[in-house]
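Reading through the structure tokens given below for one structure.
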Amino acid sequence: MKKQRAVRPYVICHMVTTVDGKIQLENLPGHSSVGEQYEKCHELFKGDAWIIGRTSMEGYSSSKIKSLGKPDPSIPKEDFVGDEKARSFAIVVDPSGKCRWDSNSISGDHVVEVLTEKVSTAYLKHLREKKVSYIFAGKAAINLATALKKLRQLLGIKRLLLEGGGIVNGSFLKAGLIDELSQLVIPIADGSTGTSTLFDVEEGYTRRRATRMRLKSVKTLPGGVLWLRYGLL
Ligand SMILES: NC(=O)c1ccc[n+]([C@@H]2O[C@H](COP(=O)([O-])OP(=O)(O)OC[C@H]3O[C@@H](n4cnc5c(N)ncnc54)[C@H](OP(=O)(O)O)[C@@H]3O)[C@@H](O)[C@H]2O)c1
């Protein structure tokens, strides 16, 4: 019998790293010039959505709204679409509902929260008021396969760019849900320990599950940046 491919978006992990695989670039010399190259490659992929972890989303979400209103038990813990017409999406994996929103859009991309059922109804009320979409992907822990299936079925997302940080990338890798890696390597060695890397999967050395990749292409970009593309096996 022919093996059926799960109905989920094609996932491309697109990231900038140092030569030692570090991704916290803020204080590194000359890091800002790679931003434009990163965005150009992002556009080339023609994704209909991008997804990041709750920590990485902090820079895009509201810093003004601190507290939520009262819980509303009439709000069911069911998926909610805040904009039926949206065609491009900015998605955050936010299991406990920590991100606050002033609006439901980031540069024209409709915001979608991936939640667990741990979140309060006060938080769901906040998201509904702002017309931010949300999907549930697990009771107490995120199930990424469920999340991807819903993103495809509910929002029609076919091509998803996974854009950090290390924890969310690592959890996709561990779940075997990355199809391709696009890595821009800047000619800098970070040299720190304990800072985020491209894939922060799990602690330890002997227990880890390594993932094999196939090199698809190598391109040199201005400033000595290497653009590596791999398919995951
Ligand atoms: N170089 C690049 O291209 C690039 C791109 C993006 C980000 N970054 C950098 O990455 C750093 C942040 O990375 P990070 O690894 O610390 O954080 P992250 O991956 O952005 O977010 C991690 C958080 O997201 C939630 N989360 C993600 N996946 C989850 C899963 N499978 N199950 C449960 N929760 C999940 C959890 O939120 P809770 O804690 O609320 O449970 C978790 O603590 C920043 O310094 C940022 O600048 C670099």
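Residue numbering restarts at 1 in every chain; chains get A, B, ... in the order shown in the structure tokens, and ligands count up from 1 in that same order.
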List every residue of chain A that has an atom at most 9 Å from any atom of ligand 1, and for each one report the closest atom pair and its distance in Å to one decimal, counting only C-alpha atoms and all ligand atoms, with rows sorted by chain and then by increasing residue number, as CSV.
```
residue,atom,partner,partner_atom_place_in_ligand_line,distance
A:His14,CA,ligand 1,3 (O),7.0
A:Met15,CA,ligand 1,3 (O),3.8
A:Val16,CA,ligand 1,3 (O),3.9
A:Thr17,CA,ligand 1,1 (N),5.4
A:Thr18,CA,ligand 1,1 (N),8.3
A:Lys22,CA,ligand 1,1 (N),7.4
A:Ile23,CA,ligand 1,1 (N),3.9
A:Gln24,CA,ligand 1,45 (O),4.4
A:Leu25,CA,ligand 1,1 (N),6.1
A:Glu26,CA,ligand 1,47 (O),6.8
A:Gly35,CA,ligand 1,3 (O),8.8
A:Tyr38,CA,ligand 1,3 (O),7.9
A:Ile52,CA,ligand 1,20 (O),5.8
A:Gly53,CA,ligand 1,21 (O),3.5
A:Arg54,CA,ligand 1,24 (O),3.9
A:Thr55,CA,ligand 1,21 (O),4.0
A:Ser56,CA,ligand 1,20 (O),3.7
A:Met57,CA,ligand 1,20 (O),6.6
A:Glu58,CA,ligand 1,20 (O),8.4
A:Gly59,CA,ligand 1,47 (O),8.9
A:Val92,CA,ligand 1,24 (O),7.7
A:Val93,CA,ligand 1,27 (C),5.1
A:Asp94,CA,ligand 1,25 (C),5.2
A:Pro95,CA,ligand 1,34 (N),5.4
A:Ser96,CA,ligand 1,40 (O),5.6
A:Gly97,CA,ligand 1,40 (O),7.1
A:Lys98,CA,ligand 1,40 (O),6.0
A:Cys99,CA,ligand 1,40 (O),8.4
A:Leu115,CA,ligand 1,34 (N),8.9
A:Thr116,CA,ligand 1,33 (C),8.8
A:Ala141,CA,ligand 1,33 (C),6.1
A:Ile142,CA,ligand 1,32 (N),4.7
A:Asn143,CA,ligand 1,31 (N),7.0
A:Leu144,CA,ligand 1,31 (N),6.4
A:Leu162,CA,ligand 1,6 (C),9.0
A:Glu163,CA,ligand 1,5 (C),5.3
A:Gly164,CA,ligand 1,6 (C),3.8
A:Gly165,CA,ligand 1,13 (O),3.4
A:Gly166,CA,ligand 1,15 (O),3.6
A:Ile167,CA,ligand 1,15 (O),3.8
A:Val168,CA,ligand 1,28 (N),3.7
A:Asn169,CA,ligand 1,19 (O),6.4
A:Gly170,CA,ligand 1,28 (N),7.9
A:Ser171,CA,ligand 1,31 (N),4.7
A:Phe172,CA,ligand 1,31 (N),6.8
A:Ala175,CA,ligand 1,31 (N),8.8
A:Gln183,CA,ligand 1,3 (O),8.4
A:Leu184,CA,ligand 1,3 (O),8.2
A:Thr195,CA,ligand 1,45 (O),8.2
A:Ser196,CA,ligand 1,15 (O),5.6
A:Thr197,CA,ligand 1,15 (O),7.4
A:Leu198,CA,ligand 1,1 (N),7.7
A:Phe199,CA,ligand 1,15 (O),8.0
A:Asp200,CA,ligand 1,15 (O),6.7
```
Export N, CA and C atoms of the chosen residues as a short mmCIF file (atom, residue, chain, number, x, y, z; two decimals), in the first residue's frame?
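Wrote it out as part.cif, contents follow:
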```
data_model
loop_
_atom_site.label_atom_id
_atom_site.label_comp_id
_atom_site.auth_asym_id
_atom_site.auth_seq_id
_atom_site.Cartn_x
_atom_site.Cartn_y
_atom_site.Cartn_z
N HIS A 14 14.37 28.38 8.79
CA HIS A 14 15.20 29.43 8.18
C HIS A 14 15.83 30.27 9.29
N MET A 15 17.19 30.23 9.38
CA MET A 15 17.86 30.87 10.53
C MET A 15 19.21 31.46 10.15
N VAL A 16 19.65 32.43 10.96
CA VAL A 16 21.02 32.95 10.88
C VAL A 16 21.78 32.38 12.08
N THR A 17 22.99 31.87 11.83
CA THR A 17 23.81 31.38 12.95
C THR A 17 25.25 31.87 12.79
N THR A 18 25.97 31.79 13.89
CA THR A 18 27.43 31.98 13.83
C THR A 18 28.05 30.66 13.35
N LYS A 22 25.48 29.41 17.06
CA LYS A 22 24.77 30.25 18.04
C LYS A 22 23.80 31.18 17.31
N ILE A 23 22.69 31.52 17.98
CA ILE A 23 21.66 32.33 17.30
C ILE A 23 21.33 33.64 17.99
N GLN A 24 21.97 33.93 19.15
CA GLN A 24 21.70 35.21 19.81
C GLN A 24 22.70 36.24 19.28
N LEU A 25 22.25 36.98 18.29
CA LEU A 25 23.19 37.77 17.49
C LEU A 25 23.29 39.22 17.93
N GLU A 26 22.40 39.63 18.84
CA GLU A 26 22.23 41.06 19.16
C GLU A 26 23.54 41.79 19.47
N GLY A 35 20.62 41.02 8.34
CA GLY A 35 19.15 41.08 8.44
C GLY A 35 18.49 41.18 7.08
N TYR A 38 18.74 37.93 5.22
CA TYR A 38 17.80 36.97 5.82
C TYR A 38 16.39 37.21 5.27
N ILE A 52 7.29 31.13 15.33
CA ILE A 52 8.41 31.30 16.25
C ILE A 52 7.96 30.94 17.68
N GLY A 53 8.93 30.84 18.57
CA GLY A 53 8.64 30.52 19.97
C GLY A 53 8.17 31.75 20.73
N ARG A 54 7.60 31.48 21.89
CA ARG A 54 7.06 32.58 22.73
C ARG A 54 8.14 33.61 23.07
N THR A 55 9.35 33.17 23.37
CA THR A 55 10.42 34.12 23.74
C THR A 55 10.76 35.02 22.56
N SER A 56 10.90 34.43 21.38
CA SER A 56 11.23 35.24 20.20
C SER A 56 10.09 36.19 19.84
N MET A 57 8.84 35.82 20.16
CA MET A 57 7.70 36.68 19.81
C MET A 57 7.60 37.90 20.73
N GLU A 58 8.32 37.87 21.87
CA GLU A 58 8.20 38.98 22.82
C GLU A 58 8.45 40.34 22.18
N GLY A 59 9.39 40.40 21.24
CA GLY A 59 9.71 41.66 20.58
C GLY A 59 8.60 42.19 19.68
N VAL A 92 2.74 31.95 16.82
CA VAL A 92 3.60 31.78 17.99
C VAL A 92 3.19 30.54 18.78
N VAL A 93 4.21 29.77 19.20
CA VAL A 93 3.97 28.64 20.10
C VAL A 93 4.03 29.21 21.52
N ASP A 94 2.87 29.27 22.16
CA ASP A 94 2.74 30.01 23.43
C ASP A 94 1.87 29.16 24.38
N PRO A 95 2.45 28.07 24.93
CA PRO A 95 1.62 27.07 25.63
C PRO A 95 0.77 27.62 26.78
N SER A 96 1.30 28.62 27.51
CA SER A 96 0.55 29.12 28.67
C SER A 96 -0.15 30.45 28.39
N GLY A 97 -0.07 30.95 27.16
CA GLY A 97 -0.74 32.21 26.84
C GLY A 97 -0.08 33.41 27.50
N LYS A 98 1.21 33.62 27.22
CA LYS A 98 1.93 34.74 27.85
C LYS A 98 1.99 35.98 26.97
N CYS A 99 1.82 35.84 25.67
CA CYS A 99 1.92 37.01 24.78
C CYS A 99 0.63 37.83 24.85
N LEU A 115 -1.82 27.18 21.41
CA LEU A 115 -1.99 27.13 22.87
C LEU A 115 -2.18 25.70 23.36
N THR A 116 -2.07 25.54 24.69
CA THR A 116 -2.57 24.31 25.33
C THR A 116 -3.83 24.68 26.10
N ALA A 141 0.60 19.93 27.35
CA ALA A 141 1.87 20.09 26.60
C ALA A 141 1.54 20.22 25.12
N ILE A 142 2.39 20.96 24.43
CA ILE A 142 2.16 21.19 22.99
C ILE A 142 2.46 19.92 22.18
N ASN A 143 1.51 19.58 21.32
CA ASN A 143 1.74 18.51 20.34
C ASN A 143 1.87 19.20 18.98
N LEU A 144 3.12 19.23 18.47
CA LEU A 144 3.37 20.01 17.24
C LEU A 144 2.72 19.38 16.01
N LEU A 162 9.88 28.12 9.74
CA LEU A 162 10.15 27.99 11.18
C LEU A 162 11.37 28.85 11.48
N GLU A 163 11.19 29.90 12.30
CA GLU A 163 12.24 30.92 12.39
C GLU A 163 12.72 31.20 13.82
N GLY A 164 12.81 30.16 14.64
CA GLY A 164 13.48 30.29 15.93
C GLY A 164 12.55 30.59 17.09
N GLY A 165 13.17 30.66 18.26
CA GLY A 165 14.55 30.38 18.58
C GLY A 165 14.87 28.88 18.67
N GLY A 166 15.94 28.61 19.42
CA GLY A 166 16.46 27.26 19.49
C GLY A 166 15.50 26.25 20.10
N ILE A 167 14.68 26.69 21.05
CA ILE A 167 13.78 25.73 21.72
C ILE A 167 12.69 25.28 20.76
N VAL A 168 12.06 26.24 20.08
CA VAL A 168 10.99 25.84 19.16
C VAL A 168 11.58 25.05 17.98
N ASN A 169 12.71 25.48 17.45
CA ASN A 169 13.37 24.72 16.37
C ASN A 169 13.67 23.29 16.83
N GLY A 170 14.24 23.19 18.04
CA GLY A 170 14.62 21.89 18.58
C GLY A 170 13.43 20.97 18.76
N SER A 171 12.29 21.55 19.18
CA SER A 171 11.12 20.69 19.41
C SER A 171 10.54 20.21 18.07
N PHE A 172 10.61 21.03 17.03
CA PHE A 172 10.20 20.56 15.68
C PHE A 172 11.14 19.46 15.20
N ALA A 175 10.50 16.21 16.91
CA ALA A 175 9.24 15.60 16.46
C ALA A 175 9.31 15.14 15.00
N GLN A 183 20.16 27.79 6.31
CA GLN A 183 21.02 28.35 7.36
C GLN A 183 21.96 29.39 6.77
N LEU A 184 21.86 30.62 7.24
CA LEU A 184 22.80 31.66 6.85
C LEU A 184 23.89 31.70 7.91
N THR A 195 24.35 29.72 25.74
CA THR A 195 23.46 30.59 24.96
C THR A 195 22.74 29.75 23.89
N SER A 196 21.66 30.30 23.34
CA SER A 196 20.81 29.53 22.42
C SER A 196 21.57 29.10 21.17
N THR A 197 21.28 27.89 20.73
CA THR A 197 21.84 27.38 19.48
C THR A 197 20.70 27.12 18.50
N LEU A 198 21.08 26.75 17.28
CA LEU A 198 20.10 26.52 16.21
C LEU A 198 19.02 25.53 16.64
N PHE A 199 19.43 24.43 17.25
CA PHE A 199 18.47 23.43 17.73
C PHE A 199 18.79 23.10 19.18
N ASP A 200 18.01 23.60 20.11
CA ASP A 200 18.19 23.23 21.51
C ASP A 200 17.21 22.10 21.81
#
```
Close residues, A:Lys150 itself excluded, 10 Å, only C-alpha atoms, min 5 positions apart in chain, as a ChimeraX atom specification: /A:7-9,79,114,135-137,144-145,155-157
Could I get the residues of stretch 158-185 of chain A with an atom no further than 6 Å from an atom of stretch 46-50 of chain A, each paired with its nearest atom pair and that distance in Å to one decimal, using only C-alpha atoms, sorted by chain and residue number, as JSON lines?
```
{"residue": "A:Arg159", "atom": "CA", "partner": "A:Gly47", "partner_atom": "CA", "distance": 4.8}
{"residue": "A:Leu160", "atom": "CA", "partner": "A:Ala49", "partner_atom": "CA", "distance": 5.0}
{"residue": "A:Leu161", "atom": "CA", "partner": "A:Trp50", "partner_atom": "CA", "distance": 4.5}
{"residue": "A:Leu162", "atom": "CA", "partner": "A:Trp50", "partner_atom": "CA", "distance": 5.8}
```
Compile the contact shell of A:Trp227 as a list in words: residues with an atom at most 9 Å away, counting only C-alpha atoms, same-chain residues fewer than 4 positions apart removed.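 Close residues of A:Trp227: Ser182, Gln183, Leu184, Val185, Ser217, Val218, Lys219, Thr220 and Leu221 of chain A.
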Same residues, C-alpha atoms, saved as a PDB file, in the first residue's frame:
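For reference, part-v6.pdb as written:
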```
ATOM      1  CA  SER A 182      18.036  27.106   5.354  1.00  0.00           C
ATOM      2  CA  GLN A 183      21.017  28.354   7.360  1.00  0.00           C
ATOM      3  CA  LEU A 184      22.805  31.660   6.851  1.00  0.00           C
ATOM      4  CA  VAL A 185      26.207  31.279   8.500  1.00  0.00           C
ATOM      5  CA  SER A 217      23.039  23.856  -2.133  1.00  0.00           C
ATOM      6  CA  VAL A 218      25.744  26.275  -0.960  1.00  0.00           C
ATOM      7  CA  LYS A 219      25.850  29.927  -1.961  1.00  0.00           C
ATOM      8  CA  THR A 220      28.226  32.698  -0.895  1.00  0.00           C
ATOM      9  CA  LEU A 221      26.468  35.967  -0.099  1.00  0.00           C
TER      10      LEU A 221
END
```
Which residues are close to A:Arg100, i.e. within 10 Å by only C-alpha atoms, leaving aside same-chain residues fewer than 4 positions away? Reply as a list in words.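 Those residues are Glu58, Tyr60, Ser61, Ser62, Ser63, Lys64, Ile65, Lys66, Ser67, Leu68, Tyr123, His126, Leu127 and Lys130 of chain A.
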A:Ile51, A:Val225, A:Cys13, A:Leu177 ranked by distance to A:Ser33, top pick (using only C-alpha atoms):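 Of A:Ile51, A:Val225, A:Cys13, A:Leu177, the one nearest A:Ser33 is A:Val225, counting only C-alpha atoms.
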Can you pull out every residue within 10 Å of A:Glu78, counting only C-alpha atoms, but drop anything in the same chain fewer than 2 positions away, and send it as a ChimeraX atom specification? /A:75-76,80,117,124,134-136
What would the file look like if the residues just selected were written as a compact mmCIF listing (two decimals), in the first residue's frame with N, CA and C atoms?
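Result file again.txt:
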```txt
# COMPACT_ATOMS: atom_id res chain seq x y z
N ILE A 75 -16.67 31.05 27.49
CA ILE A 75 -15.81 30.88 26.31
C ILE A 75 -15.29 29.44 26.27
N PRO A 76 -15.64 28.70 25.21
CA PRO A 76 -15.20 27.29 25.15
C PRO A 76 -13.72 27.18 24.77
N PHE A 80 -10.29 29.19 17.35
CA PHE A 80 -10.99 30.43 17.00
C PHE A 80 -10.25 31.11 15.85
N GLU A 117 -4.53 23.65 26.57
CA GLU A 117 -5.77 23.92 27.32
C GLU A 117 -5.52 24.45 28.72
N LEU A 124 -8.29 33.87 26.68
CA LEU A 124 -9.03 33.65 25.42
C LEU A 124 -9.89 34.87 25.11
N TYR A 134 -6.60 31.55 17.41
CA TYR A 134 -5.88 30.60 18.25
C TYR A 134 -6.33 29.18 17.96
N ILE A 135 -5.36 28.26 18.14
CA ILE A 135 -5.68 26.84 18.02
C ILE A 135 -5.15 26.13 19.27
N PHE A 136 -5.84 25.06 19.66
CA PHE A 136 -5.37 24.25 20.78
C PHE A 136 -4.60 23.05 20.22
```
Would you list, as a ChimeraX atom specification, the residues of stretch 1-194 of chain A that end up in helix (DSSP H, G or I) under DSSP run on this structure's backbone? /A:31-44,54-57,121-129,144-155,166-174
Convert the current residue selection to file output with N, CA and C atoms, as a short mmCIF file (atom, residue, chain, number, x, y, z; two decimals), in the first residue's frame.
```cif
data_model
loop_
_atom_site.label_atom_id
_atom_site.label_comp_id
_atom_site.auth_asym_id
_atom_site.auth_seq_id
_atom_site.Cartn_x
_atom_site.Cartn_y
_atom_site.Cartn_z
N HIS A 31 26.37 42.22 13.03
CA HIS A 31 25.26 41.28 12.83
C HIS A 31 24.11 41.90 12.04
N SER A 32 23.97 43.25 12.12
CA SER A 32 22.77 43.88 11.55
C SER A 32 22.73 43.76 10.02
N SER A 33 23.93 43.71 9.37
CA SER A 33 23.94 43.67 7.91
C SER A 33 23.34 42.39 7.34
N VAL A 34 23.27 41.33 8.15
CA VAL A 34 22.74 40.06 7.64
C VAL A 34 21.20 40.06 7.63
N GLY A 35 20.62 41.02 8.34
CA GLY A 35 19.15 41.08 8.44
C GLY A 35 18.49 41.18 7.08
N GLU A 36 19.05 42.02 6.22
CA GLU A 36 18.49 42.22 4.88
C GLU A 36 18.58 40.93 4.05
N GLN A 37 19.73 40.27 4.15
CA GLN A 37 19.92 39.01 3.42
C GLN A 37 18.93 37.95 3.90
N TYR A 38 18.74 37.93 5.22
CA TYR A 38 17.80 36.97 5.82
C TYR A 38 16.39 37.21 5.27
N GLU A 39 15.98 38.49 5.23
CA GLU A 39 14.63 38.81 4.75
C GLU A 39 14.47 38.46 3.27
N LYS A 40 15.52 38.72 2.47
CA LYS A 40 15.47 38.39 1.03
C LYS A 40 15.23 36.90 0.83
N CYS A 41 15.97 36.08 1.58
CA CYS A 41 15.80 34.62 1.46
C CYS A 41 14.40 34.23 1.93
N HIS A 42 13.94 34.86 3.01
CA HIS A 42 12.59 34.60 3.53
C HIS A 42 11.56 34.81 2.41
N GLU A 43 11.69 35.93 1.68
CA GLU A 43 10.74 36.23 0.60
C GLU A 43 10.83 35.18 -0.51
N LEU A 44 12.07 34.75 -0.82
CA LEU A 44 12.27 33.76 -1.90
C LEU A 44 11.51 32.45 -1.64
N ARG A 54 7.60 31.48 21.89
CA ARG A 54 7.06 32.58 22.73
C ARG A 54 8.14 33.61 23.07
N THR A 55 9.35 33.17 23.37
CA THR A 55 10.42 34.12 23.74
C THR A 55 10.76 35.02 22.56
N SER A 56 10.90 34.43 21.38
CA SER A 56 11.23 35.24 20.20
C SER A 56 10.09 36.19 19.84
N MET A 57 8.84 35.82 20.16
CA MET A 57 7.70 36.68 19.81
C MET A 57 7.60 37.90 20.73
N THR A 121 -9.61 31.36 30.59
CA THR A 121 -10.63 31.93 29.70
C THR A 121 -10.45 33.46 29.62
N ALA A 122 -9.82 34.05 30.63
CA ALA A 122 -9.53 35.49 30.58
C ALA A 122 -8.58 35.78 29.42
N TYR A 123 -7.63 34.86 29.20
CA TYR A 123 -6.69 35.04 28.09
C TYR A 123 -7.41 34.87 26.75
N LEU A 124 -8.29 33.87 26.68
CA LEU A 124 -9.03 33.65 25.42
C LEU A 124 -9.89 34.87 25.11
N LYS A 125 -10.45 35.47 26.16
CA LYS A 125 -11.27 36.68 25.98
C LYS A 125 -10.41 37.80 25.38
N HIS A 126 -9.20 37.95 25.91
CA HIS A 126 -8.27 38.96 25.38
C HIS A 126 -8.01 38.72 23.89
N LEU A 127 -7.74 37.47 23.53
CA LEU A 127 -7.44 37.15 22.12
C LEU A 127 -8.66 37.42 21.24
N ARG A 128 -9.85 37.06 21.73
CA ARG A 128 -11.07 37.29 20.93
C ARG A 128 -11.31 38.78 20.75
N GLU A 129 -11.09 39.55 21.80
CA GLU A 129 -11.29 41.02 21.69
C GLU A 129 -10.38 41.62 20.63
N LEU A 144 3.12 19.23 18.47
CA LEU A 144 3.37 20.01 17.24
C LEU A 144 2.72 19.38 16.01
N ALA A 145 2.61 18.07 15.99
CA ALA A 145 1.96 17.42 14.84
C ALA A 145 0.49 17.85 14.77
N THR A 146 -0.17 17.91 15.91
CA THR A 146 -1.56 18.37 15.95
C THR A 146 -1.63 19.82 15.48
N ALA A 147 -0.69 20.63 15.98
CA ALA A 147 -0.69 22.06 15.61
C ALA A 147 -0.58 22.21 14.09
N LEU A 148 0.36 21.46 13.47
CA LEU A 148 0.57 21.60 12.03
C LEU A 148 -0.66 21.15 11.24
N LYS A 149 -1.26 20.08 11.69
CA LYS A 149 -2.45 19.56 11.01
C LYS A 149 -3.57 20.62 11.03
N LYS A 150 -3.74 21.25 12.18
CA LYS A 150 -4.79 22.27 12.30
C LYS A 150 -4.45 23.51 11.47
N LEU A 151 -3.16 23.88 11.44
CA LEU A 151 -2.78 25.08 10.66
C LEU A 151 -3.10 24.86 9.18
N ARG A 152 -2.95 23.63 8.73
CA ARG A 152 -3.26 23.31 7.34
C ARG A 152 -4.78 23.28 7.12
N GLN A 153 -5.45 22.54 8.01
CA GLN A 153 -6.89 22.31 7.79
C GLN A 153 -7.73 23.55 8.05
N LEU A 154 -7.38 24.29 9.11
CA LEU A 154 -8.22 25.42 9.52
C LEU A 154 -7.87 26.70 8.77
N LEU A 155 -6.56 26.90 8.53
CA LEU A 155 -6.12 28.18 7.93
C LEU A 155 -5.54 28.00 6.53
N GLY A 166 15.94 28.61 19.42
CA GLY A 166 16.46 27.26 19.49
C GLY A 166 15.50 26.25 20.10
N ILE A 167 14.68 26.69 21.05
CA ILE A 167 13.78 25.73 21.72
C ILE A 167 12.69 25.28 20.76
N VAL A 168 12.06 26.24 20.08
CA VAL A 168 10.99 25.84 19.16
C VAL A 168 11.58 25.05 17.98
N ASN A 169 12.71 25.48 17.45
CA ASN A 169 13.37 24.72 16.37
C ASN A 169 13.67 23.29 16.83
N GLY A 170 14.24 23.19 18.04
CA GLY A 170 14.62 21.89 18.58
C GLY A 170 13.43 20.97 18.76
N SER A 171 12.29 21.55 19.18
CA SER A 171 11.12 20.69 19.41
C SER A 171 10.54 20.21 18.07
N PHE A 172 10.61 21.03 17.03
CA PHE A 172 10.20 20.56 15.68
C PHE A 172 11.14 19.46 15.20
N LEU A 173 12.44 19.65 15.43
CA LEU A 173 13.43 18.65 14.99
C LEU A 173 13.18 17.31 15.67
N LYS A 174 12.99 17.38 16.98
CA LYS A 174 12.77 16.17 17.77
C LYS A 174 11.51 15.43 17.31
#
```
